[in-house]
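One file, start39.cif, is given below (mmCIF, C-alpha atoms and all ligand atoms).
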data_work
#
loop_
_atom_site.label_atom_id
_atom_site.label_comp_id
_atom_site.auth_asym_id
_atom_site.auth_seq_id
_atom_site.Cartn_x
_atom_site.Cartn_y
_atom_site.Cartn_z
CA MET A 1 5.14 21.49 19.02
CA LYS A 2 2.38 18.87 19.30
CA PRO A 3 3.27 15.59 17.57
CA VAL A 4 1.63 14.44 14.35
CA ILE A 5 -0.30 11.26 15.16
CA ILE A 6 0.04 8.55 12.51
CA ILE A 7 -2.41 5.64 12.62
CA GLY A 8 -0.62 2.53 11.27
CA GLY A 9 3.05 1.75 10.75
CA GLY A 10 2.95 0.21 7.24
CA PRO A 11 4.76 1.75 4.24
CA SER A 12 2.54 4.87 4.10
CA GLY A 13 2.88 5.51 7.84
CA ALA A 14 6.64 4.97 7.84
CA ALA A 15 7.14 7.22 4.78
CA ALA A 16 5.02 9.98 6.35
CA ALA A 17 6.91 9.67 9.64
CA LEU A 18 10.38 9.81 8.03
CA THR A 19 9.36 12.94 6.06
CA LEU A 20 8.07 14.70 9.19
CA LEU A 21 11.08 13.71 11.30
CA ASP A 22 13.37 15.10 8.60
CA ALA A 23 11.64 18.47 9.15
CA GLN A 24 12.08 18.15 12.97
CA ILE A 25 8.35 17.60 13.53
CA PRO A 26 7.65 15.13 16.36
CA VAL A 27 5.73 11.98 15.44
CA THR A 28 3.67 9.44 17.38
CA ILE A 29 2.79 6.26 15.49
CA VAL A 30 -0.06 4.16 16.85
CA GLU A 31 0.21 0.64 15.42
CA GLN A 32 -2.03 -2.16 16.60
CA LYS A 33 0.39 -5.00 15.78
CA ARG A 34 3.89 -5.82 16.95
CA PHE A 35 6.36 -5.84 14.05
CA PRO A 36 7.44 -7.84 12.14
CA ARG A 37 3.86 -8.55 11.04
CA PHE A 38 2.60 -10.19 7.84
CA ARG A 39 1.27 -8.25 4.80
CA PRO A 40 0.91 -9.50 1.21
CA GLY A 41 2.34 -7.37 -1.62
CA GLU A 42 5.99 -8.27 -2.14
CA THR A 43 6.58 -7.04 -5.69
CA LEU A 44 7.98 -3.51 -5.63
CA HIS A 45 8.27 -1.53 -8.86
CA PRO A 46 11.75 0.00 -9.47
CA GLY A 47 10.11 3.44 -9.09
CA ILE A 48 10.31 2.79 -5.33
CA GLU A 49 14.09 3.40 -5.31
CA PRO A 50 14.04 7.22 -5.63
CA LEU A 51 11.55 7.30 -2.73
CA LEU A 52 13.74 5.04 -0.57
CA THR A 53 16.71 7.27 -1.42
CA LYS A 54 14.82 10.43 -0.47
CA LEU A 55 13.78 8.86 2.83
CA GLY A 56 17.37 7.75 3.52
CA VAL A 57 16.51 4.04 3.75
CA LEU A 58 17.76 2.66 0.41
CA LEU A 59 20.81 0.97 1.96
CA GLN A 60 18.69 -0.68 4.67
CA VAL A 61 16.42 -2.15 1.96
CA GLN A 62 19.24 -3.14 -0.40
CA SER A 63 21.11 -4.89 2.40
CA ALA A 64 18.13 -7.24 2.92
CA GLY A 65 19.17 -9.17 -0.20
CA TYR A 66 15.66 -9.51 -1.63
CA VAL A 67 15.14 -11.37 -4.94
CA ARG A 68 15.39 -8.83 -7.81
CA HIS A 69 13.58 -8.96 -11.18
CA ARG A 70 13.82 -6.96 -14.41
CA GLY A 71 10.20 -7.01 -15.55
CA VAL A 72 7.06 -9.10 -15.72
CA TRP A 73 6.00 -12.04 -17.94
CA SER A 74 2.64 -10.92 -19.20
CA GLY A 75 -0.04 -12.95 -20.96
CA TRP A 76 -2.21 -9.85 -21.25
CA ASN A 77 -2.17 -9.70 -25.06
CA GLY A 78 -2.91 -13.37 -25.78
CA THR A 79 0.69 -14.61 -25.90
CA THR A 80 3.13 -14.58 -23.00
CA GLN A 81 5.83 -11.99 -23.43
CA PHE A 82 8.46 -10.43 -21.18
CA VAL A 83 7.74 -6.77 -20.43
CA PRO A 84 10.92 -5.19 -19.02
CA TYR A 85 10.71 -2.26 -16.62
CA GLY A 86 13.03 -0.06 -18.73
CA LYS A 87 16.59 1.18 -18.41
CA ASP A 88 18.73 4.30 -18.20
CA ASP A 89 22.47 5.15 -18.35
CA ASP A 90 23.03 3.14 -15.15
CA GLY A 91 21.54 0.01 -16.73
CA GLN A 92 18.38 -2.10 -16.55
CA TRP A 93 15.86 -1.13 -13.84
CA GLN A 94 15.09 -3.87 -11.33
CA GLY A 95 12.19 -4.35 -8.94
CA TYR A 96 12.32 -6.07 -5.55
CA GLN A 97 10.48 -9.08 -4.18
CA ALA A 98 10.48 -7.63 -0.69
CA VAL A 99 9.34 -9.94 2.11
CA ARG A 100 6.82 -7.46 3.50
CA ALA A 101 7.14 -8.44 7.15
CA ASP A 102 10.85 -7.72 6.86
CA PHE A 103 10.55 -4.65 4.57
CA ASP A 104 7.94 -2.93 6.77
CA HIS A 105 9.97 -3.80 9.88
CA ARG A 106 13.12 -2.26 8.40
CA LEU A 107 11.25 0.97 7.66
CA ILE A 108 9.63 1.21 11.09
CA GLU A 109 12.97 0.54 12.81
CA GLN A 110 14.40 3.57 10.96
CA VAL A 111 11.40 5.62 12.12
CA ARG A 112 12.06 4.53 15.70
CA MET A 113 15.80 5.20 15.48
CA ARG A 114 15.15 8.72 14.17
CA GLY A 115 13.13 9.62 17.23
CA ALA A 116 9.44 8.81 16.66
CA GLN A 117 7.34 7.51 19.53
CA LEU A 118 5.82 4.13 18.67
CA LEU A 119 2.77 2.93 20.59
CA VAL A 120 1.53 -0.63 20.17
CA SER A 121 -2.14 0.19 20.48
CA LYS A 122 -5.31 0.32 18.41
CA VAL A 123 -7.08 3.54 17.45
CA VAL A 124 -10.71 2.95 18.39
CA GLY A 125 -12.18 6.42 17.90
CA VAL A 126 -11.72 10.13 17.36
CA LEU A 127 -12.42 12.16 20.50
CA THR A 128 -12.55 15.73 19.30
CA SER A 129 -13.37 15.97 15.63
CA ALA A 130 -10.15 16.86 13.86
CA SER A 131 -9.70 20.63 13.50
CA ASP A 132 -7.11 23.16 12.33
CA THR A 133 -5.78 23.42 15.88
CA GLY A 134 -5.41 19.74 16.68
CA ALA A 135 -6.79 16.26 16.74
CA GLU A 136 -7.36 13.79 19.55
CA VAL A 137 -7.74 10.09 18.96
CA MET A 138 -8.85 7.41 21.38
CA THR A 139 -6.64 4.33 21.53
CA SER A 140 -7.08 1.09 23.42
CA GLU A 141 -4.54 2.54 25.92
CA GLY A 142 -6.27 5.93 26.28
CA PRO A 143 -6.49 9.28 24.47
CA ILE A 144 -3.62 10.94 22.54
CA ARG A 145 -3.53 14.57 21.51
CA GLY A 146 -1.67 15.79 18.44
CA GLY A 147 -1.43 18.68 16.02
CA TYR A 148 -2.53 16.60 13.05
CA VAL A 149 -3.55 13.02 12.40
CA ILE A 150 -2.55 11.06 9.30
CA ASP A 151 -4.56 7.90 8.74
CA CYS A 152 -2.26 5.20 7.36
CA SER A 153 -4.38 2.30 8.66
CA GLY A 154 -4.64 0.56 5.28
CA SER A 155 -7.82 -0.97 3.94
CA THR A 156 -9.54 -0.83 7.36
CA HIS A 157 -10.01 2.94 6.66
CA ALA A 158 -9.98 3.58 10.44
CA LEU A 159 -10.21 7.39 10.47
CA ALA A 160 -12.63 7.63 7.53
CA ARG A 161 -14.96 5.29 9.42
CA HIS A 162 -14.70 7.29 12.65
CA LEU A 163 -15.14 10.63 10.85
CA ARG A 164 -17.95 9.12 8.74
CA ILE A 165 -16.20 10.02 5.48
CA PRO A 166 -17.90 8.02 2.69
CA ILE A 167 -15.76 5.62 0.65
CA VAL A 168 -16.94 5.50 -2.98
CA ARG A 169 -16.50 2.28 -4.97
CA TYR A 170 -15.55 2.57 -8.65
CA SER A 171 -15.39 -1.07 -9.84
CA PRO A 172 -17.45 -4.20 -9.44
CA ASN A 173 -16.74 -6.01 -6.16
CA LEU A 174 -13.28 -7.50 -6.67
CA VAL A 175 -11.65 -10.04 -4.40
CA ALA A 176 -7.98 -11.07 -4.31
CA CYS A 177 -7.41 -14.63 -3.09
CA TYR A 178 -3.74 -15.24 -2.37
CA GLY A 179 -1.38 -17.78 -0.91
CA TYR A 180 2.15 -19.15 -0.84
CA ALA A 181 3.68 -22.42 -2.03
CA VAL A 182 7.16 -23.83 -1.48
CA GLY A 183 8.98 -26.10 -3.93
CA ALA A 184 10.02 -26.27 -7.58
CA TYR A 185 8.17 -24.30 -10.28
CA ASP A 186 9.86 -23.95 -13.64
CA ALA A 187 7.81 -21.34 -15.52
CA PRO A 188 9.35 -17.85 -15.55
CA THR A 189 8.11 -15.37 -12.90
CA PRO A 190 6.83 -12.88 -11.99
CA SER A 191 3.96 -13.59 -14.36
CA ILE A 192 0.39 -12.39 -14.85
CA HIS A 193 -2.21 -14.22 -16.94
CA PRO A 194 -5.82 -13.18 -17.57
CA ASP A 195 -8.64 -15.61 -18.41
CA GLN A 196 -12.40 -15.21 -18.79
CA ASP A 197 -13.06 -14.71 -15.05
CA GLY A 198 -10.04 -12.81 -13.79
CA TRP A 199 -6.27 -12.93 -13.66
CA THR A 200 -3.60 -14.94 -11.87
CA TRP A 201 -0.23 -13.65 -10.66
CA ILE A 202 2.72 -15.82 -9.60
CA ALA A 203 6.02 -14.46 -8.23
CA GLU A 204 9.03 -16.13 -6.66
CA VAL A 205 9.29 -13.97 -3.56
CA GLU A 206 12.12 -15.95 -1.94
CA PRO A 207 14.14 -18.78 -3.46
CA HIS A 208 11.65 -21.64 -4.10
CA ARG A 209 8.81 -19.78 -2.32
CA PHE A 210 6.05 -18.56 -4.62
CA GLN A 211 3.29 -16.06 -3.93
CA TRP A 212 0.14 -16.36 -6.03
CA THR A 213 -2.77 -13.96 -6.32
CA ARG A 214 -6.06 -14.61 -8.12
CA VAL A 215 -8.31 -11.56 -8.69
CA THR A 216 -11.94 -12.10 -9.74
CA GLU A 217 -15.31 -10.52 -9.17
CA SER A 218 -16.51 -11.70 -5.77
CA HIS A 219 -19.16 -14.05 -7.25
CA ASN A 220 -16.38 -15.84 -9.19
CA ARG A 221 -13.94 -16.28 -6.31
CA PRO A 222 -12.13 -19.62 -6.45
CA ALA A 223 -12.85 -22.48 -4.06
CA ARG A 224 -10.97 -22.46 -0.75
CA ALA A 225 -8.49 -25.15 -1.81
CA TRP A 226 -7.85 -23.61 -5.26
CA ILE A 227 -4.23 -23.12 -6.29
CA PRO A 228 -2.89 -22.04 -9.72
CA ASP A 229 -1.89 -24.64 -12.32
CA GLY A 230 1.74 -25.59 -11.91
CA LEU A 231 1.80 -24.95 -8.15
CA GLN A 232 -0.42 -27.91 -7.18
CA ALA A 233 2.48 -30.23 -6.45
CA LEU A 234 4.18 -27.71 -4.15
CA GLN A 235 3.74 -27.47 -0.39
CA ALA A 236 0.97 -24.88 -0.05
CA GLU A 237 0.06 -22.57 2.83
CA PRO A 238 -3.66 -21.85 3.47
CA ALA A 239 -5.08 -19.20 1.11
CA GLN A 240 -6.40 -15.83 2.33
CA SER A 241 -8.44 -13.12 0.67
CA ALA A 242 -8.83 -9.34 0.59
CA ASP A 243 -11.36 -6.87 -0.83
CA VAL A 244 -9.56 -5.06 -3.67
CA THR A 245 -12.56 -3.21 -5.11
CA TRP A 246 -11.40 0.14 -6.48
CA ARG A 247 -12.39 2.78 -3.95
CA MET A 248 -11.47 6.19 -2.64
CA ALA A 249 -12.57 8.32 0.31
CA THR A 250 -14.65 11.33 -0.77
CA SER A 251 -12.43 13.61 1.31
CA VAL A 252 -8.78 12.59 1.77
CA ALA A 253 -7.77 15.73 3.68
CA GLY A 254 -9.58 18.23 5.86
CA PRO A 255 -9.25 20.17 9.10
CA GLY A 256 -6.44 18.49 11.03
CA TYR A 257 -6.36 15.24 9.06
CA PHE A 258 -4.95 13.50 5.99
CA LEU A 259 -5.64 9.97 4.71
CA ALA A 260 -2.72 8.18 2.98
CA GLY A 261 -1.98 4.81 1.38
CA ASP A 262 -4.78 2.26 1.23
CA ALA A 263 -6.65 4.26 3.90
CA ALA A 264 -7.24 6.93 1.21
CA ALA A 265 -7.62 4.86 -1.96
CA VAL A 266 -7.41 1.21 -3.04
CA LEU A 267 -6.91 -0.30 -6.49
CA ASP A 268 -6.55 -4.00 -7.24
CA PRO A 269 -2.91 -5.16 -7.33
CA SER A 270 -2.64 -5.81 -11.11
CA SER A 271 0.09 -3.21 -11.50
CA SER A 272 1.97 -3.97 -8.23
CA HIS A 273 1.98 -0.26 -7.37
CA GLY A 274 0.25 -0.37 -3.95
CA VAL A 275 3.37 0.09 -1.82
CA LEU A 276 4.76 2.74 -4.17
CA ARG A 277 1.50 4.69 -4.03
CA ALA A 278 1.27 4.24 -0.26
CA MET A 279 4.75 5.68 0.28
CA MET A 280 4.22 8.54 -2.18
CA SER A 281 0.97 9.59 -0.56
CA GLY A 282 2.44 9.32 2.96
CA MET A 283 5.33 11.56 1.88
CA MET A 284 3.00 14.04 0.15
CA ALA A 285 0.66 14.31 3.15
CA ALA A 286 3.64 14.85 5.47
CA HIS A 287 5.20 17.40 3.09
CA LEU A 288 1.97 19.45 3.10
CA ILE A 289 1.79 19.33 6.90
CA VAL A 290 5.37 20.68 6.96
CA ARG A 291 4.33 23.43 4.52
CA HIS A 292 1.49 24.39 6.87
CA LEU A 293 3.33 24.13 10.20
CA CYS A 294 6.72 25.50 9.14
CA ASP A 295 5.99 27.73 6.12
CA ARG A 296 2.56 28.96 7.26
CA VAL A 297 0.82 27.88 4.05
CA ASP A 298 -2.94 27.97 4.64
CA ALA A 299 -4.22 24.61 5.94
CA ARG A 300 -7.15 24.61 3.50
CA VAL A 301 -4.81 25.16 0.56
CA CYS A 302 -2.69 22.21 1.74
CA ALA A 303 -5.77 19.99 2.08
CA MET A 304 -7.07 20.96 -1.37
CA THR A 305 -3.67 20.48 -2.99
CA TYR A 306 -3.49 16.98 -1.52
CA HIS A 307 -7.02 16.06 -2.53
CA ASP A 308 -6.48 17.21 -6.14
CA TRP A 309 -3.10 15.44 -6.36
CA LEU A 310 -4.42 12.12 -5.03
CA ALA A 311 -7.67 12.25 -7.03
CA SER A 312 -5.75 12.95 -10.23
CA TRP A 313 -3.43 9.93 -10.00
CA PHE A 314 -6.32 7.75 -8.85
CA GLN A 315 -8.33 8.79 -11.96
CA HIS A 316 -5.27 8.28 -14.16
CA ASP A 317 -4.54 4.78 -12.83
CA MET A 318 -8.23 3.81 -13.01
CA ALA A 319 -8.33 4.89 -16.68
CA GLU A 320 -5.24 2.78 -17.49
CA MET A 321 -6.61 -0.26 -15.68
CA SER A 322 -10.07 0.12 -17.24
CA ARG A 323 -8.42 0.15 -20.68
CA ALA A 324 -6.48 -3.06 -19.94
CA TYR A 325 -9.60 -4.79 -18.58
CA GLN A 326 -11.65 -3.62 -21.56
CA GLU A 327 -9.12 -5.22 -23.92
CA ALA A 328 -9.18 -8.44 -21.88
CA ARG A 329 -13.01 -8.24 -21.64
CA LEU A 330 -12.83 -8.58 -17.87
CA PHE A 331 -15.01 -7.51 -14.95
CA GLY A 332 -17.69 -6.00 -17.21
CA PHE A 333 -15.39 -3.22 -18.47
CA ASN A 334 -16.24 -4.28 -22.05
CA ASN A 335 -19.89 -3.20 -21.58
C1 LIG B 401 -3.26 -9.98 -2.40
C2 LIG B 401 -2.57 -8.64 -2.50
C3 LIG B 401 -1.41 -8.53 -3.25
C4 LIG B 401 -0.75 -7.32 -3.35
N1 LIG B 401 0.38 -7.24 -4.10
C5 LIG B 401 1.09 -6.09 -4.16
C6 LIG B 401 2.34 -6.04 -4.85
O1 LIG B 401 2.81 -7.04 -5.40
N2 LIG B 401 3.01 -4.86 -4.86
C7 LIG B 401 2.51 -3.75 -4.24
O2 LIG B 401 3.18 -2.68 -4.29
N3 LIG B 401 1.35 -3.77 -3.56
C8 LIG B 401 0.62 -4.91 -3.49
N4 LIG B 401 -0.54 -4.96 -2.77
C9 LIG B 401 -1.03 -3.73 -2.10
C10 LIG B 401 -0.19 -3.41 -0.84
O3 LIG B 401 -0.12 -4.53 0.00
C11 LIG B 401 -0.84 -2.23 -0.11
O4 LIG B 401 -1.17 -1.22 -1.05
C12 LIG B 401 0.08 -1.63 0.96
O5 LIG B 401 0.35 -2.54 1.99
C13 LIG B 401 -0.56 -0.37 1.55
O6 LIG B 401 0.27 0.15 2.56
P1 LIG B 401 -0.36 1.01 3.74
O7 LIG B 401 0.77 1.53 4.55
O8 LIG B 401 -1.34 1.98 3.19
O9 LIG B 401 -1.24 -0.03 4.60
P2 LIG B 401 -0.81 -1.41 5.34
O10 LIG B 401 0.44 -1.96 4.79
O11 LIG B 401 -2.03 -2.25 5.31
O12 LIG B 401 -0.53 -0.93 6.82
C14 LIG B 401 -1.58 -0.48 7.66
C15 LIG B 401 -1.16 -0.66 9.11
O13 LIG B 401 -2.14 -0.03 9.94
C16 LIG B 401 -2.36 -0.83 11.09
N5 LIG B 401 -3.71 -0.50 11.59
C17 LIG B 401 -4.90 -0.72 10.94
N6 LIG B 401 -5.92 -0.26 11.69
C18 LIG B 401 -5.37 0.27 12.83
C19 LIG B 401 -5.92 0.90 13.99
N7 LIG B 401 -7.25 1.10 14.13
N8 LIG B 401 -5.08 1.29 14.97
C20 LIG B 401 -3.73 1.10 14.84
N9 LIG B 401 -3.14 0.50 13.75
C21 LIG B 401 -3.96 0.11 12.77
C22 LIG B 401 -2.24 -2.25 10.56
O14 LIG B 401 -1.92 -3.17 11.60
C23 LIG B 401 -1.10 -2.12 9.54
O15 LIG B 401 0.17 -2.40 10.10
C24 LIG B 401 -1.25 -6.18 -2.67
C25 LIG B 401 -2.41 -6.27 -1.90
C26 LIG B 401 -3.08 -7.49 -1.81
C27 LIG B 401 -4.32 -7.59 -0.97
#

Could you render the structure from this file as structure tokens?
Ligand SMILES: Cc1cc2nc3c(=O)[nH]c(=O)nc-3n(C[C@H](O)[C@H](O)[C@H](O)COP(=O)(O)OP(=O)(O)OC[C@H]3O[C@@H](n4cnc5c(N)ncnc54)[C@H](O)[C@@H]3O)c2cc1C
Amino acid sequence: MKPVIIIGGGPSGAAAALTLLDAQIPVTIVEQKRFPRFRPGETLHPGIEPLLTKLGVLLQVQSAGYVRHRGVWSGWNGTTQFVPYGKDDDGQWQGYQAVRADFDHRLIEQVRMRGAQLLVSKVVGVLTSASDTGAEVMTSEGPIRGGYVIDCSGSTHALARHLRIPIVRYSPNLVACYGYAVGAYDAPTPSIHPDQDGWTWIAEVEPHRFQWTRVTESHNRPARAWIPDGLQALQAEPAQSADVTWRMATSVAGPGYFLAGDAAAVLDPSSSHGVLRAMMSGMMAAHLIVRHLCDRVDARVCAMTYHDWLASWFQHDMAEMSRAYQEARLFGFNN
């Protein structure tokens, strides 16, 4: 059987690979960077645990000893209040502050140990347009042929660009400026506070190391040296920024291809669900490839099922976020 080619070894790529390997389908991951590599996005919602369990990697994540938290301090309704994640018979749910370089590395090591081929290389083009019988991508090391290609390249949208799939934007241009600061900060975290131009997030991602994110419309982005109140006295690392405008590819699955994670759809990180969504969509794309290759379900049905599934949660999450921004009168959602 031809391997499934996965572009990118982040959470969506690793989750897709582990799902395929579980079904004995060979996998080749093409990842441009050597791991461990940096990514922002440490705060993982407790809903990630059932996924980690299903993928057989919960113990590897738990053994990392990441900082845990039981909810978020939210200033969304005018006053700051603690919003817990919830609980069940086993007790209070807890999220993780996963150091992403380490978290992503742990996942990709499991992928490698379970038999995937990992190529450190960059996908620079699609040779044959993806089709029901296969897909061929061009990498910086030469061409690779596979049965399917899953684009997990994150916000670079590598395959969508090469296949000329339009990416539609659904919000004003939003930018996330973010950075890290080391030292003492006494206010409770993780916390999120809106103001008239945007919102600011602060989380203690390792003992005495704080990650901050400031999301605004691009014309209101903070100055380069900006740092949230309360963190100014700490030792700060240079800030970076990312485009977090809400967007989704017009076609997230088609002949021989699926797009997963940020490569398929991006929302700003106000709900800290990016990694959860990335892993879920990687698993779903892989599951539908298994249904096609092993159970002979029609490829078009699999592609349509995936598109409808992804579009429906994207619409749902956009509606929730629009409501919150309307209440906070942010980003023009009050108009
Ligand atoms: C400031 C900020 C804060 C965030 N905070 C949170 C948070 O608290 N919680 C949360 O859950 N999410 C958060 N997110 C979102 C989260 O980081 C992403 O949703 C998540 O990383 C998406 O995973 P992915 O696997 O789709 O892509 P990525 O993690 O971006 O992985 C993509 C991989 O593809 C590789 N790649 C790209 N192009 C190519 C190519 N052409 N060839 C080969 N390899 C390629 C890249 O090197 C990379 O390793 C945040 C995002 C930002 C910007």

Next on the checklist: Can you pull out the residues contacting segment 191-198 of chain A? Cut-off 9 Å, using only C-alpha atoms, and skip same-chain residues under 4 positions away; I want them as a PyMOL selection string.
Outcome noted: chain A and resi 72-76+78+80+82+187+202-203+214-217+220-221+270+328-331

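Ranking A:Gly10, A:Gly179, A:Pro40, A:Pro84 by their shortest atom-to-atom distance to Pro238 of chain A, with all atoms listed in the file included, puts A:Gly179 first.
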
Next on the checklist: Under the rule that only C-alpha atoms are counted, which of A:Lys122, A:Arg323, A:Arg112, A:Lys87 is the nearest residue to Gly142 of chain A?
Outcome noted: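 Of A:Lys122, A:Arg323, A:Arg112, A:Lys87, the one nearest Gly142 of chain A, counting only C-alpha atoms, is A:Lys122.
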
Per-residue nearest contacts chain A to ligand LIG 401 (chain B), cut-off 6 Å, using all atoms listed in the file, as a Markdown table:
| residue | atom | partner | partner_atom | distance |
| --- | --- | --- | --- | --- |
| A:Ile7 | CA | B:LIG401 | C20 | 5.2 |
| A:Gly8 | CA | B:LIG401 | O13 | 3.3 |
| A:Gly9 | CA | B:LIG401 | O15 | 5.1 |
| A:Gly10 | CA | B:LIG401 | O12 | 3.7 |
| A:Pro11 | CA | B:LIG401 | O7 | 4.0 |
| A:Ser12 | CA | B:LIG401 | O7 | 3.8 |
| A:Gly13 | CA | B:LIG401 | O7 | 5.6 |
| A:Val30 | CA | B:LIG401 | C20 | 5.2 |
| A:Glu31 | CA | B:LIG401 | N9 | 3.7 |
| A:Gln32 | CA | B:LIG401 | N9 | 4.1 |
| A:Lys33 | CA | B:LIG401 | O14 | 5.1 |
| A:Pro40 | CA | B:LIG401 | C3 | 5.1 |
| A:Gly41 | CA | B:LIG401 | C5 | 3.1 |
| A:Glu42 | CA | B:LIG401 | O1 | 4.7 |
| A:Thr43 | CA | B:LIG401 | O1 | 3.8 |
| A:Leu44 | CA | B:LIG401 | O2 | 5.1 |
| A:Ser121 | CA | B:LIG401 | C20 | 5.9 |
| A:Lys122 | CA | B:LIG401 | N8 | 3.6 |
| A:Val123 | CA | B:LIG401 | N8 | 3.9 |
| A:Val124 | CA | B:LIG401 | N7 | 5.8 |
| A:Cys152 | CA | B:LIG401 | O8 | 5.3 |
| A:Ser153 | CA | B:LIG401 | O13 | 3.5 |
| A:Gly154 | CA | B:LIG401 | O9 | 3.5 |
| A:Thr156 | CA | B:LIG401 | N6 | 5.7 |
| A:Ala158 | CA | B:LIG401 | N7 | 5.2 |
| A:Ala176 | CA | B:LIG401 | C1 | 5.2 |
| A:Tyr178 | CA | B:LIG401 | C1 | 5.3 |
| A:Thr213 | CA | B:LIG401 | C1 | 5.6 |
| A:Ala242 | CA | B:LIG401 | C27 | 5.1 |
| A:Gly261 | CA | B:LIG401 | O8 | 3.4 |
| A:Asp262 | CA | B:LIG401 | O8 | 4.0 |
| A:Ala263 | CA | B:LIG401 | O8 | 5.8 |
| A:Pro269 | CA | B:LIG401 | C4 | 5.0 |
| A:Ser272 | CA | B:LIG401 | N2 | 3.6 |
| A:His273 | CA | B:LIG401 | O2 | 4.1 |
| A:Gly274 | CA | B:LIG401 | O4 | 3.3 |
| A:Val275 | CA | B:LIG401 | O2 | 3.7 |
| A:Leu276 | CA | B:LIG401 | O2 | 5.6 |
| A:Ala278 | CA | B:LIG401 | O8 | 4.9 |

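Counting only C-alpha atoms and comparing A:Arg106, A:His307, A:His45, A:Lys54, the residue that lies closest to Met248 of chain A is A:His307.
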
Listed atoms of segment 225-240 of chain A boxed along x, y and z, 8 Å each side, centre and edge lengths in Å, one decimal, as lines of an AutoDock Vina configuration file:
center_x = -2.2
center_y = -23.0
center_z = -4.4
size_x = 28.7
size_y = 30.4
size_z = 31.8

Checklist entry - What is the distance between atom CA of Arg37 of chain A and atom CA of Phe314 of chain A, in Å to one decimal? => result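 Between atom CA of Arg37 of chain A and atom CA of Phe314 of chain A the gap is 27.7 Å.
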
Checklist entry - Separation of atom CA of Met113 of chain A and atom CA of Ile6 of chain A, in Å? => result 16.4 Å
